[in-house]
Amino acid sequence: MHIVSDASPLISLADAGYLTLIQLAFTTIAIPEEVNREVFKTGRTRPKPSWVRVCTLSDPLGLLLFSQLRIVLDDGEAEAIALAKVIGAIVLIDEVVGTSACVARCVPCLSTAQMISGLRTDQKISQKTL
């Protein structure tokens, strides 16, 4: 399963000290360049884990989708959805508008809460972990 993450799940989990939950769920994830800037290069001291791959959106159809999405979404969300569409991945995203954009474009998506629920169901974490 390929996963592309938006910035919000990464920021929320990193700042709470639970970023490794994403690795536990997916082993590796991809992020577009804008998400990398938002999460790991905005002046905060969040080190980028080795299991996070930064990918460049260069596909012409992906760039077209990005330009359409950025009208209603921020650049990180738009680029994450476009990258996921191009590589056939699931988007880890928490914003309602972003989730709606995924659904409208047949891009599968998952929220942080759904990811954590899946970890509990698969008994990779317990109720006491969080």
# chains A, B, ... in the order shown; residues from 1 in each chain; ligands from 1
$ residues_around --residues "Lys124 in chain A" --least-positions-apart "3" --cutoff "12 Å" --atoms "only C-alpha atoms" --output "PyMOL selection string"
chain A and resi 20-26+115-121+127-129
$ residues_around --residues "range 50-53 of chain A" --least-positions-apart "6" --cutoff "9 Å" --atoms "only C-alpha atoms" --output "ChimeraX atom specification"
/A:23,27-32
$ write_last_selection --atoms "C-alpha atoms" --output "PDB file, in the first residue's frame"
ATOM      1  CA  GLN A  23       5.731   4.263  10.368  1.00  0.00           C
ATOM      2  CA  THR A  27       6.530   1.437   7.056  1.00  0.00           C
ATOM      3  CA  THR A  28       7.315   4.244   4.553  1.00  0.00           C
ATOM      4  CA  ILE A  29       5.375   7.216   3.225  1.00  0.00           C
ATOM      5  CA  ALA A  30       5.847   9.730   0.440  1.00  0.00           C
ATOM      6  CA  ILE A  31       5.373  13.459   0.811  1.00  0.00           C
ATOM      7  CA  PRO A  32       5.446  16.149  -1.870  1.00  0.00           C
TER       8      PRO A  32
END
$ select_by_dssp --residues "chain A" --states "alpha helix (DSSP H)" --output "VMD selection string"
chain A and resid 7 to 16 20 to 26 33 to 40 60 to 69 75 to 87 96 to 104 112 to 121
$ atom_distance --atom1 "CA of Ile81 in chain A" --atom2 "CA of Lys48 in chain A"
20.5 Å
$ closest_residue --among "A:Leu61, A:His2, A:Asp75, A:Asp122" --to "Arg37 in chain A" --atoms "only C-alpha atoms"
A:Asp75
$ residues_around --residues "range 111-113 of chain A" --least-positions-apart "5" --cutoff "10 Å" --atoms "only C-alpha atoms" --output "ChimeraX atom specification"
/A:5,8-10,12-13,21-22,91-96,99,118-119
$ write_last_selection --atoms "N, CA, C and O atoms" --output "tab-separated table (two decimals), in the first residue's frame"
chain	number	residue	atom	x	y	z
A	5	SER	N	1.28	11.56	2.41
A	5	SER	CA	0.72	12.30	3.54
A	5	SER	C	0.66	13.79	3.27
A	5	SER	O	1.58	14.37	2.68
A	8	SER	N	-0.79	18.10	7.82
A	8	SER	CA	-1.47	18.11	9.12
A	8	SER	C	-1.27	16.85	9.95
A	8	SER	O	-0.96	16.96	11.14
A	9	PRO	N	-1.44	15.65	9.39
A	9	PRO	CA	-1.19	14.46	10.22
A	9	PRO	C	0.25	14.39	10.72
A	9	PRO	O	0.49	14.02	11.88
A	10	LEU	N	1.19	14.76	9.89
A	10	LEU	CA	2.60	14.73	10.29
A	10	LEU	C	2.88	15.73	11.40
A	10	LEU	O	3.54	15.40	12.39
A	12	SER	N	0.71	17.19	13.51
A	12	SER	CA	-0.01	16.84	14.74
A	12	SER	C	0.68	15.71	15.50
A	12	SER	O	0.90	15.80	16.71
A	13	LEU	N	1.01	14.65	14.78
A	13	LEU	CA	1.63	13.51	15.44
A	13	LEU	C	3.06	13.81	15.89
A	13	LEU	O	3.46	13.40	16.98
A	21	LEU	N	3.86	6.43	14.87
A	21	LEU	CA	2.64	5.68	14.58
A	21	LEU	C	2.43	5.54	13.07
A	21	LEU	O	1.93	4.52	12.60
A	22	ILE	N	2.83	6.56	12.31
A	22	ILE	CA	2.69	6.49	10.86
A	22	ILE	C	3.60	5.39	10.31
A	22	ILE	O	3.18	4.58	9.48
A	91	VAL	N	-4.14	8.92	0.31
A	91	VAL	CA	-3.72	10.16	0.96
A	91	VAL	C	-4.08	10.12	2.44
A	91	VAL	O	-5.22	9.84	2.80
A	92	LEU	N	-3.10	10.39	3.29
A	92	LEU	CA	-3.33	10.56	4.72
A	92	LEU	C	-3.61	12.05	4.91
A	92	LEU	O	-2.73	12.89	4.74
A	93	ILE	N	-4.87	12.38	5.22
A	93	ILE	CA	-5.31	13.78	5.26
A	93	ILE	C	-6.43	13.94	6.27
A	93	ILE	O	-7.27	13.05	6.40
A	94	ASP	N	-6.46	15.04	6.98
A	94	ASP	CA	-7.46	15.25	8.02
A	94	ASP	C	-8.47	16.35	7.72
A	94	ASP	O	-9.50	16.43	8.37
A	95	GLU	N	-8.19	17.23	6.79
A	95	GLU	CA	-9.08	18.34	6.51
A	95	GLU	C	-10.30	17.88	5.72
A	95	GLU	O	-10.19	17.12	4.76
A	96	VAL	N	-11.47	18.37	6.11
A	96	VAL	CA	-12.73	17.98	5.46
A	96	VAL	C	-12.73	18.39	3.98
A	96	VAL	O	-13.13	17.60	3.12
A	99	THR	N	-10.45	16.07	2.11
A	99	THR	CA	-11.06	14.75	1.98
A	99	THR	C	-12.13	14.77	0.89
A	99	THR	O	-12.21	13.86	0.06
A	118	GLY	N	-7.12	1.62	12.86
A	118	GLY	CA	-6.59	0.43	12.19
A	118	GLY	C	-5.44	-0.19	12.97
A	118	GLY	O	-5.33	-1.42	13.05
A	119	LEU	N	-4.58	0.64	13.56
A	119	LEU	CA	-3.49	0.12	14.38
A	119	LEU	C	-4.04	-0.63	15.60
A	119	LEU	O	-3.50	-1.67	15.99
$ atom_distance --atom1 "CA of Val35 in chain A" --atom2 "CA of Arg105 in chain A"
20.1 Å
$ residues_around --residues "Ile87 in chain A" --least-positions-apart "6" --cutoff "10 Å" --atoms "only C-alpha atoms" --output "count of residues only"
6
$ atom_distance --atom1 "CA of Glu79 in chain A" --atom2 "CA of Asp15 in chain A"
22.4 Å
$ select_by_dssp --residues "chain A" --states "strand (DSSP E or B)" --output "PyMOL selection string"
chain A and resi 3-5+29-32+52-55+90-92+109-110
$ closest_residue --among "A:Ala80, A:Val107, A:Leu64, A:Leu69" --to "Asp6 in chain A" --atoms "only C-alpha atoms"
A:Ala80
